[in-house]
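> Structure file structure.cif (mmCIF, C-alpha atoms and all ligand atoms) is given on the next line.
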```cif
data_final
loop_
_atom_site.label_atom_id
_atom_site.label_comp_id
_atom_site.auth_asym_id
_atom_site.auth_seq_id
_atom_site.Cartn_x
_atom_site.Cartn_y
_atom_site.Cartn_z
CA MET A 1 4.25 -5.64 8.98
CA ASN A 2 3.13 -2.62 7.01
CA LEU A 3 6.12 -0.33 7.42
CA ILE A 4 8.91 1.33 5.47
CA LYS A 5 12.34 1.41 7.05
CA LEU A 6 15.63 2.55 5.54
CA GLU A 7 18.97 1.53 7.02
CA ASN A 8 22.34 3.05 6.15
CA ILE A 9 21.29 4.30 2.73
CA ASN A 10 24.02 5.91 0.62
CA LYS A 11 23.73 7.46 -2.81
CA GLN A 12 26.13 9.59 -4.72
CA PHE A 13 26.07 11.37 -8.04
CA GLU A 14 29.65 11.41 -9.27
CA ASN A 15 31.62 12.67 -6.26
CA HIS A 16 28.67 14.25 -4.52
CA LYS A 17 27.12 12.36 -1.60
CA VAL A 18 23.43 13.02 -2.00
CA LEU A 19 22.22 10.57 0.64
CA ASP A 20 24.71 10.13 3.45
CA ASN A 21 23.97 7.14 5.64
CA ILE A 22 20.22 7.68 5.93
CA ASN A 23 18.30 5.82 8.64
CA VAL A 24 14.59 6.52 8.90
CA GLU A 25 11.20 4.89 9.38
CA PHE A 26 7.92 5.81 7.75
CA LEU A 27 5.08 4.50 9.86
CA PRO A 28 1.95 3.07 8.28
CA LYS A 29 -1.24 5.20 8.50
CA ASN A 30 0.99 8.17 9.22
CA THR A 31 1.88 11.23 7.22
CA THR A 32 5.56 12.06 7.14
CA VAL A 33 6.61 15.41 5.70
CA LEU A 34 10.12 15.80 4.26
CA VAL A 35 11.48 19.32 4.41
CA GLY A 36 14.82 20.94 3.78
CA PRO A 37 16.61 23.36 1.50
CA SER A 38 16.86 22.83 -2.24
CA GLY A 39 19.49 20.22 -3.11
CA ALA A 40 19.21 18.52 0.31
CA GLY A 41 18.40 15.14 -1.24
CA LYS A 42 14.65 15.06 -0.54
CA SER A 43 13.62 14.01 -4.06
CA THR A 44 16.41 11.45 -4.27
CA LEU A 45 15.24 9.91 -0.99
CA LEU A 46 11.59 9.79 -2.08
CA ARG A 47 12.46 8.48 -5.56
CA SER A 48 14.60 5.75 -3.99
CA LEU A 49 11.48 4.43 -2.21
CA ASN A 50 9.87 3.89 -5.63
CA LEU A 51 13.19 2.66 -7.14
CA LEU A 52 13.30 5.58 -9.58
CA GLU A 53 16.73 6.13 -8.06
CA ARG A 54 18.95 3.32 -6.87
CA PRO A 55 21.18 3.94 -3.84
CA GLU A 56 24.55 2.17 -3.89
CA SER A 57 24.18 0.64 -0.47
CA GLY A 58 21.82 0.19 2.43
CA LYS A 59 18.73 -1.80 3.28
CA TYR A 60 15.14 -1.04 2.40
CA LEU A 61 12.41 -2.80 4.38
CA ILE A 62 8.89 -2.51 3.07
CA ASN A 63 5.90 -4.47 4.31
CA GLY A 64 7.90 -7.46 5.44
CA LEU A 65 10.18 -7.52 2.38
CA THR A 66 13.84 -6.56 2.82
CA ILE A 67 16.01 -5.52 -0.10
CA ASN A 68 19.69 -4.80 -0.12
CA PHE A 69 20.65 -2.01 -2.49
CA GLY A 70 24.15 -3.48 -2.77
CA LYS A 71 22.68 -6.47 -4.62
CA VAL A 72 20.91 -6.89 -7.94
CA LEU A 73 17.12 -6.60 -7.64
CA THR A 74 14.86 -9.02 -9.45
CA ASN A 75 12.09 -7.70 -11.69
CA LYS A 76 9.58 -9.30 -9.36
CA THR A 77 10.94 -7.32 -6.43
CA ILE A 78 10.96 -4.10 -8.43
CA LEU A 79 7.33 -4.58 -9.52
CA HIS A 80 6.30 -5.43 -5.98
CA ILE A 81 7.90 -2.28 -4.56
CA ARG A 82 6.46 -0.09 -7.31
CA ARG A 83 2.99 -1.42 -6.50
CA GLU A 84 3.38 -0.67 -2.83
CA THR A 85 4.52 2.92 -3.43
CA GLY A 86 2.47 5.22 -5.64
CA MET A 87 4.31 8.32 -6.83
CA VAL A 88 2.68 11.72 -7.45
CA PHE A 89 4.92 14.20 -9.27
CA GLN A 90 5.10 17.99 -9.31
CA ASN A 91 4.08 18.01 -12.98
CA TYR A 92 1.23 15.47 -12.68
CA ASN A 93 2.57 13.14 -15.46
CA LEU A 94 -0.89 12.06 -16.64
CA PHE A 95 -1.11 10.07 -19.88
CA PRO A 96 -2.00 12.85 -22.38
CA HIS A 97 -3.59 10.49 -24.92
CA LEU A 98 -6.01 8.97 -22.39
CA SER A 99 -9.18 10.50 -20.95
CA VAL A 100 -9.28 11.15 -17.22
CA ILE A 101 -11.18 7.94 -16.49
CA ASP A 102 -8.83 5.90 -18.70
CA ASN A 103 -5.89 7.40 -16.83
CA LEU A 104 -7.43 5.96 -13.67
CA THR A 105 -8.32 2.52 -15.07
CA GLU A 106 -5.14 1.81 -17.06
CA GLY A 107 -3.08 0.56 -14.09
CA PRO A 108 -5.85 -1.39 -12.34
CA VAL A 109 -6.83 -3.17 -15.59
CA GLN A 110 -3.33 -3.76 -17.03
CA VAL A 111 -1.37 -4.38 -13.86
CA LEU A 112 -3.85 -5.43 -11.19
CA LYS A 113 -5.99 -7.34 -13.75
CA GLN A 114 -9.23 -5.77 -12.52
CA LYS A 115 -12.30 -6.04 -14.75
CA LYS A 116 -12.81 -2.87 -16.79
CA TYR A 117 -16.32 -2.41 -15.35
CA ASP A 118 -15.08 -2.65 -11.75
CA ALA A 119 -12.12 -0.38 -12.45
CA GLU A 120 -14.43 2.24 -13.98
CA ASN A 121 -16.80 2.11 -11.04
CA GLU A 122 -13.96 2.65 -8.64
CA ALA A 123 -12.47 5.37 -10.84
CA LEU A 124 -15.76 7.28 -10.72
CA GLN A 125 -15.86 7.00 -6.94
CA LEU A 126 -12.29 8.30 -6.71
CA LEU A 127 -13.05 11.17 -9.10
CA THR A 128 -16.01 12.07 -6.89
CA LYS A 129 -13.69 12.05 -3.92
CA VAL A 130 -11.38 14.58 -5.58
CA GLY A 131 -14.34 16.63 -6.86
CA LEU A 132 -13.90 15.83 -10.56
CA GLU A 133 -16.56 13.28 -11.49
CA GLU A 134 -17.87 15.58 -14.21
CA LYS A 135 -14.43 15.59 -15.89
CA ALA A 136 -14.25 11.80 -16.34
CA HIS A 137 -14.35 11.96 -20.14
CA PHE A 138 -12.14 15.01 -20.60
CA TYR A 139 -8.52 14.78 -21.71
CA PRO A 140 -5.83 16.03 -19.32
CA ASN A 141 -4.93 19.07 -21.44
CA ALA A 142 -8.50 20.37 -21.01
CA LEU A 143 -8.00 20.55 -17.22
CA SER A 144 -6.29 23.15 -15.06
CA GLY A 145 -3.07 22.24 -13.26
CA GLY A 146 -4.90 21.80 -9.96
CA GLN A 147 -7.48 19.53 -11.57
CA GLN A 148 -4.73 17.47 -13.24
CA GLN A 149 -2.99 17.03 -9.91
CA ARG A 150 -6.27 15.90 -8.30
CA VAL A 151 -6.61 13.33 -11.12
CA ALA A 152 -3.01 12.21 -10.50
CA ILE A 153 -3.84 11.67 -6.82
CA ALA A 154 -6.98 9.71 -7.74
CA ARG A 155 -4.95 7.64 -10.23
CA SER A 156 -2.47 6.81 -7.54
CA LEU A 157 -5.27 5.78 -5.12
CA ALA A 158 -6.78 3.50 -7.79
CA MET A 159 -3.69 1.27 -7.53
CA HIS A 160 -4.14 0.83 -3.76
CA PRO A 161 -0.47 1.32 -2.90
CA SER A 162 0.33 1.05 0.78
CA TYR A 163 2.20 4.38 0.63
CA ILE A 164 1.62 7.39 -1.59
CA LEU A 165 4.73 9.49 -2.22
CA LEU A 166 4.28 13.11 -3.25
CA ASP A 167 7.16 15.29 -4.45
CA GLU A 168 6.19 18.96 -4.11
CA PRO A 169 2.68 18.20 -5.36
CA THR A 170 1.52 21.81 -5.35
CA SER A 171 4.60 23.80 -6.28
CA ALA A 172 3.44 24.32 -9.88
CA LEU A 173 0.00 25.59 -8.81
CA ASP A 174 -1.57 28.98 -8.11
CA PRO A 175 -2.63 29.48 -4.45
CA GLU A 176 -6.31 28.69 -5.01
CA SER A 177 -5.58 25.44 -6.88
CA GLU A 178 -2.97 24.60 -4.28
CA LEU A 179 -5.54 24.87 -1.51
CA GLY A 180 -7.85 22.46 -3.36
CA VAL A 181 -5.07 19.85 -3.58
CA LEU A 182 -3.91 20.37 0.01
CA LYS A 183 -7.44 19.85 1.35
CA ILE A 184 -7.64 16.50 -0.45
CA LEU A 185 -4.27 15.44 0.96
CA LEU A 186 -5.36 16.49 4.44
CA GLN A 187 -8.51 14.39 4.07
CA LEU A 188 -6.51 11.35 2.87
CA SER A 189 -4.13 11.79 5.77
CA ARG A 190 -7.00 11.90 8.27
CA GLU A 191 -8.54 8.79 6.70
CA GLY A 192 -5.33 6.94 7.57
CA GLN A 193 -3.73 6.73 4.12
CA SER A 194 0.04 6.39 4.58
CA LEU A 195 1.65 9.43 2.97
CA ILE A 196 5.17 10.75 2.50
CA ILE A 197 5.11 14.33 1.25
CA ILE A 198 7.84 16.77 0.23
CA THR A 199 6.57 20.32 0.56
CA HIS A 200 7.80 23.86 1.08
CA ASN A 201 4.43 24.88 2.51
CA MET A 202 5.18 25.00 6.23
CA GLU A 203 1.60 25.81 7.27
CA PHE A 204 0.43 22.71 5.43
CA ALA A 205 3.27 20.66 6.93
CA LYS A 206 2.18 21.79 10.38
CA ALA A 207 -1.42 20.77 9.73
CA VAL A 208 -0.82 17.41 8.07
CA ALA A 209 2.38 15.92 9.51
CA ASP A 210 2.52 13.19 12.11
CA LYS A 211 6.28 13.46 11.78
CA ILE A 212 8.77 15.87 10.21
CA VAL A 213 12.03 14.75 8.64
CA PHE A 214 14.44 17.63 7.97
CA LEU A 215 17.21 16.91 5.48
CA GLU A 216 20.28 18.92 4.60
CA ASP A 217 23.33 17.91 2.56
CA GLY A 218 22.09 14.34 2.39
CA LYS A 219 21.79 13.99 6.16
CA ILE A 220 18.79 13.87 8.46
CA LEU A 221 19.13 16.72 10.93
CA PHE A 222 15.72 16.24 12.56
CA ASP A 223 13.28 13.34 12.68
CA GLY A 224 10.39 13.71 15.05
CA ASP A 225 7.36 15.47 16.40
CA PRO A 226 6.16 18.46 14.30
CA LYS A 227 5.35 20.37 17.51
CA ILE A 228 9.00 20.22 18.51
CA PHE A 229 10.20 21.06 14.99
CA PHE A 230 7.99 24.14 14.65
CA ASN A 231 9.06 25.22 18.11
CA ARG A 232 12.54 25.76 16.55
CA PRO A 233 14.64 23.42 18.70
CA ASN A 234 17.98 24.64 17.32
CA GLY A 235 19.62 27.43 15.34
CA ARG A 236 19.67 25.58 12.03
CA ILE A 237 15.91 24.85 12.17
CA THR A 238 15.22 28.43 13.26
CA ASP A 239 17.16 29.73 10.25
CA PHE A 240 15.44 27.33 7.88
CA LEU A 241 11.94 28.19 9.11
CA SER A 242 12.71 31.92 9.05
CA ALA A 243 13.95 31.64 5.47
CA MET A 244 10.81 29.73 4.46
CA THR A 245 8.27 32.11 5.94
CA PHE A 246 7.49 35.64 4.93
CA ASN A 247 7.33 37.72 8.07
CA SER A 248 5.80 41.11 7.42
CA LYS A 249 7.17 42.46 10.72
CA GLN A 250 10.66 42.33 9.23
CA TYR A 251 9.61 44.57 6.38
CA GLU A 252 7.41 47.16 8.07
CA LYS A 253 7.52 50.60 6.47
P1 LIG B 301 16.03 18.22 -3.28
O1 LIG B 301 14.86 17.46 -3.78
O2 LIG B 301 16.15 18.23 -1.78
O3 LIG B 301 16.08 19.62 -3.82
P2 LIG B 301 17.57 16.37 -4.90
O4 LIG B 301 17.38 15.04 -4.29
O5 LIG B 301 16.81 16.69 -6.13
O6 LIG B 301 17.37 17.50 -3.78
O7 LIG B 301 19.11 16.57 -5.26
C1 LIG B 301 20.13 16.41 -4.31
C2 LIG B 301 21.44 16.68 -4.99
O8 LIG B 301 21.70 15.71 -5.98
C3 LIG B 301 21.51 18.03 -5.68
O9 LIG B 301 22.79 18.55 -5.47
C4 LIG B 301 21.30 17.68 -7.13
O10 LIG B 301 21.93 18.61 -7.96
C5 LIG B 301 21.93 16.32 -7.22
N1 LIG B 301 21.30 15.47 -8.26
C6 LIG B 301 20.01 15.08 -8.26
N2 LIG B 301 19.76 14.28 -9.33
C7 LIG B 301 20.93 14.17 -10.02
C8 LIG B 301 21.34 13.48 -11.19
N3 LIG B 301 20.48 12.72 -11.88
N4 LIG B 301 22.62 13.61 -11.58
C9 LIG B 301 23.51 14.35 -10.87
N5 LIG B 301 23.19 15.02 -9.74
C10 LIG B 301 21.93 14.94 -9.31
MG MG B 302 13.30 17.97 -5.03
#
```
Could you write out this file's structure as structure tokens?


Amino acid sequence: MNLIKLENINKQFENHKVLDNINVEFLPKNTTVLVGPSGAGKSTLLRSLNLLERPESGKYLINGLTINFGKVLTNKTILHIRRETGMVFQNYNLFPHLSVIDNLTEGPVQVLKQKKYDAENEALQLLTKVGLEEKAHFYPNALSGGQQQRVAIARSLAMHPSYILLDEPTSALDPESELGVLKILLQLSREGQSLIIITHNMEFAKAVADKIVFLEDGKILFDGDPKIFFNRPNGRITDFLSAMTFNSKQYEK
């Protein structure tokens, strides 16, 4: 079954428990938004799903495969999991020496063994989807940050991962570029692409999330319906949401 499930995941950096017995599910065709204060462990959790971080213990179920972090992982398993989970970073991480279209075709041709012609056709369709077909032959450094992030999203889609993981995808962008990226993510979400997104943009979280997971100090303090979360079910969530949102009423002259 097409599902990600984590059971009893623990990760520490030196003496600091960064993930403290995490249990959570990420449903297919759903968008889960991870929120929480800085240092909560959000990035570590997301990066663990792509095996960029390796928890010390716990189970990771993905699409019918179960891995045990307490055991050595085979290269085959690692490749399989990396293919199922596409990662989009805050700083885009495009290949600077490749044109936009080559950024999109590199993985499909090298890893998925697609024919170059087919990969290019699909790349052009994906660039159209993110509004950048006319930039196909530009190099990344000729694009704005927002455009580079849209290319990074298209590149991730070109690999057909079952889940796309996004770690603060818009936090390096100006508000107008941010909006362009958020609209694309909203569209992908509504098309049924499985997404897991870390964001500090609570209005976006409200619009896109099927589920909110709130992390603090390596623990999940809330996992559920966004309507309940944004209704401030407890003092800690009230404080967090108040700290995240500029409320002009508090600062009236
Ligand atoms: P978040 O994304 O919620 O801000 P992170 O997952 O990046 O949190 O980090 C959680 C905690 O782990 C923080 O205290 C951070 O300083 C620590 N941490 C993250 N990566 C490393 C690392 N490579 N080495 C040591 N500590 C780390
Ligand atoms: Mg982070």

> Using only C-alpha atoms and all ligand atoms, find each residue in chain A having at least one atom no more than 6 Å away from ligand LIG 301 (chain B); report its shortest atom-to-atom pair and that distance in Å (one decimal), rows by chain then rising number, as JSON lines.


```
{"residue": "A:Phe13", "atom": "CA", "partner": "B:LIG301", "partner_atom": "C9", "distance": 4.8}
{"residue": "A:Val18", "atom": "CA", "partner": "B:LIG301", "partner_atom": "O8", "distance": 5.1}
{"residue": "A:Ser38", "atom": "CA", "partner": "B:LIG301", "partner_atom": "O3", "distance": 3.7}
{"residue": "A:Gly39", "atom": "CA", "partner": "B:LIG301", "partner_atom": "O6", "distance": 3.5}
{"residue": "A:Ala40", "atom": "CA", "partner": "B:LIG301", "partner_atom": "O2", "distance": 3.7}
{"residue": "A:Gly41", "atom": "CA", "partner": "B:LIG301", "partner_atom": "O4", "distance": 3.2}
{"residue": "A:Lys42", "atom": "CA", "partner": "B:LIG301", "partner_atom": "O2", "distance": 3.7}
{"residue": "A:Ser43", "atom": "CA", "partner": "B:LIG301", "partner_atom": "O1", "distance": 3.7}
{"residue": "A:Thr44", "atom": "CA", "partner": "B:LIG301", "partner_atom": "O4", "distance": 3.7}
```

> Go ahead and save the picked residues with C-alpha atoms, as a CSV table (one decimal), keeping the file's coordinate frame.


```csv
chain,number,residue,atom,x,y,z
A,13,PHE,CA,26.1,11.4,-8.0
A,18,VAL,CA,23.4,13.0,-2.0
A,38,SER,CA,16.9,22.8,-2.2
A,39,GLY,CA,19.5,20.2,-3.1
A,40,ALA,CA,19.2,18.5,0.3
A,41,GLY,CA,18.4,15.1,-1.2
A,42,LYS,CA,14.6,15.1,-0.5
A,43,SER,CA,13.6,14.0,-4.1
A,44,THR,CA,16.4,11.4,-4.3
```

> Sorted by chain and rising residue number, which residues of chain A lie within 12 Å of ligand MG 302 (chain B), and what are their closest atom pairs and distances in Å to one decimal, counting only C-alpha atoms and all ligand atoms, as a Markdown table?


```
| residue | atom | partner | partner_atom | distance |
| --- | --- | --- | --- | --- |
| A:Val18 | CA | B:MG302 | MG | 11.7 |
| A:Leu34 | CA | B:MG302 | MG | 10.1 |
| A:Val35 | CA | B:MG302 | MG | 9.7 |
| A:Gly36 | CA | B:MG302 | MG | 9.4 |
| A:Pro37 | CA | B:MG302 | MG | 9.1 |
| A:Ser38 | CA | B:MG302 | MG | 6.6 |
| A:Gly39 | CA | B:MG302 | MG | 6.9 |
| A:Ala40 | CA | B:MG302 | MG | 8.0 |
| A:Gly41 | CA | B:MG302 | MG | 7.0 |
| A:Lys42 | CA | B:MG302 | MG | 5.5 |
| A:Ser43 | CA | B:MG302 | MG | 4.1 |
| A:Thr44 | CA | B:MG302 | MG | 7.3 |
| A:Leu45 | CA | B:MG302 | MG | 9.2 |
| A:Leu46 | CA | B:MG302 | MG | 8.9 |
| A:Arg47 | CA | B:MG302 | MG | 9.5 |
| A:Phe89 | CA | B:MG302 | MG | 10.1 |
| A:Gln90 | CA | B:MG302 | MG | 9.2 |
| A:Leu166 | CA | B:MG302 | MG | 10.4 |
| A:Asp167 | CA | B:MG302 | MG | 6.7 |
| A:Glu168 | CA | B:MG302 | MG | 7.2 |
| A:Pro169 | CA | B:MG302 | MG | 10.6 |
| A:Ser171 | CA | B:MG302 | MG | 10.5 |
| A:Ile197 | CA | B:MG302 | MG | 10.9 |
| A:Ile198 | CA | B:MG302 | MG | 7.7 |
| A:Thr199 | CA | B:MG302 | MG | 9.1 |
| A:His200 | CA | B:MG302 | MG | 10.1 |
| A:Leu215 | CA | B:MG302 | MG | 11.3 |
| A:Glu216 | CA | B:MG302 | MG | 11.9 |
```

> In Å, with one decimal, what is the gap from atom CA of A:Lys253 to atom CA of A:Asp239?

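Atom CA of A:Lys253 sits 23.3 Å away from atom CA of A:Asp239.
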
> As an exercise, work out the distance from atom CA of A:Tyr117 to atom CA of A:Pro96 in Å and give it to one decimal place.

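Between these atoms lies a distance of 22.1 Å.
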
> With distances taken over all atoms listed in the file, which residue among A:Lys29, A:Lys206, A:Lys227, A:Lys219 lies nearest A:Ile9?

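The shortest atom-to-atom distance to A:Ile9 comes from A:Lys219.
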
> Would you kindly return, as a list in words, each protein, DNA or RNA residue with an atom no farther than 12 Å from any atom of A:Arg190, considering only C-alpha atoms and excluding same-chain residues fewer than 3 positions away?

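Counting only C-alpha atoms, the residues come to Lys29, Asn30, Thr31, Lys183, Ile184, Leu185, Leu186, Gln187, Gln193, Ser194, Leu195, Ala207, Val208, Ala209 and Asp210 of chain A.
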
> Would you kindly return, as a PyMOL selection string, each protein, DNA or RNA residue with an atom no farther than 10 Å from any atom of A:Gly145, considering all atoms listed in the file and excluding same-chain residues fewer than 5 positions away?

chain A and resi 91-92+140+150-151+170+172-174+177-178

> What does the structure give for the distance between atom CA of A:Gly86 and atom CA of A:Phe69, in Å to one decimal?

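Atom-to-atom, atom CA of A:Gly86 and atom CA of A:Phe69 are spaced 19.8 Å apart.
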
> Write out as a PyMOL selection string each polymer residue whose atoms come within 9 Å of A:Gln147, counting only C-alpha atoms; drop sequence neighbours fewer than 4 positions from it.

chain A and resi 130-132+140+143+151-152+177+180-181

> Just to be explicit: take each residue in the selection above, keep C-alpha atoms, and write the result as a PDB file, in the frame of the given file.


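Output saved as selection_3.pdb:
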```pdb
ATOM      1  CA  VAL A 130     -11.380  14.580  -5.580  1.00  0.00           C
ATOM      2  CA  GLY A 131     -14.340  16.630  -6.860  1.00  0.00           C
ATOM      3  CA  LEU A 132     -13.900  15.830 -10.560  1.00  0.00           C
ATOM      4  CA  PRO A 140      -5.830  16.030 -19.320  1.00  0.00           C
ATOM      5  CA  LEU A 143      -8.000  20.550 -17.220  1.00  0.00           C
ATOM      6  CA  VAL A 151      -6.610  13.330 -11.120  1.00  0.00           C
ATOM      7  CA  ALA A 152      -3.010  12.210 -10.500  1.00  0.00           C
ATOM      8  CA  SER A 177      -5.580  25.440  -6.880  1.00  0.00           C
ATOM      9  CA  GLY A 180      -7.850  22.460  -3.360  1.00  0.00           C
ATOM     10  CA  VAL A 181      -5.070  19.850  -3.580  1.00  0.00           C
TER      11      VAL A 181
END
```

> If we draw a sphere of 6 Å around (8.6, 15.1, 7.1), which residues have at least one atom in it when counting only C-alpha atoms? Please report them as a PyMOL selection string.

chain A and resi 32-35+211-213

> My list of candidates is A:Pro55, A:Phe138, A:Tyr163, A:Ile237. Which is closest to A:Lys11 when distances are computed with only C-alpha atoms?

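Among A:Pro55, A:Phe138, A:Tyr163, A:Ile237, it is A:Pro55 that comes nearest to A:Lys11.
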
> Any chance you could export stretch 46-63 of chain A with C-alpha atoms, as an mmCIF file, in the first residue's frame?


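So out-v8.cif came out as:
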```cif
data_model
loop_
_atom_site.group_PDB
_atom_site.id
_atom_site.type_symbol
_atom_site.label_atom_id
_atom_site.label_comp_id
_atom_site.auth_asym_id
_atom_site.auth_seq_id
_atom_site.Cartn_x
_atom_site.Cartn_y
_atom_site.Cartn_z
ATOM 1 C CA LEU A 46 11.763 15.156 6.804
ATOM 2 C CA ARG A 47 15.386 14.361 5.923
ATOM 3 C CA SER A 48 15.049 10.967 7.621
ATOM 4 C CA LEU A 49 12.280 10.085 5.142
ATOM 5 C CA ASN A 50 14.787 10.576 2.305
ATOM 6 C CA LEU A 51 17.608 8.938 4.339
ATOM 7 C CA LEU A 52 19.630 12.162 4.368
ATOM 8 C CA GLU A 53 19.591 11.614 8.123
ATOM 9 C CA ARG A 54 19.639 8.201 9.732
ATOM 10 C CA PRO A 55 17.728 7.723 13.001
ATOM 11 C CA GLU A 56 19.290 5.278 15.458
ATOM 12 C CA SER A 57 16.149 3.254 15.959
ATOM 13 C CA GLY A 58 12.596 2.808 14.806
ATOM 14 C CA LYS A 59 10.730 1.449 11.824
ATOM 15 C CA TYR A 60 10.016 3.158 8.529
ATOM 16 C CA LEU A 61 7.261 1.724 6.343
ATOM 17 C CA ILE A 62 6.996 3.042 2.822
ATOM 18 C CA ASN A 63 4.825 1.621 0.074
#
```
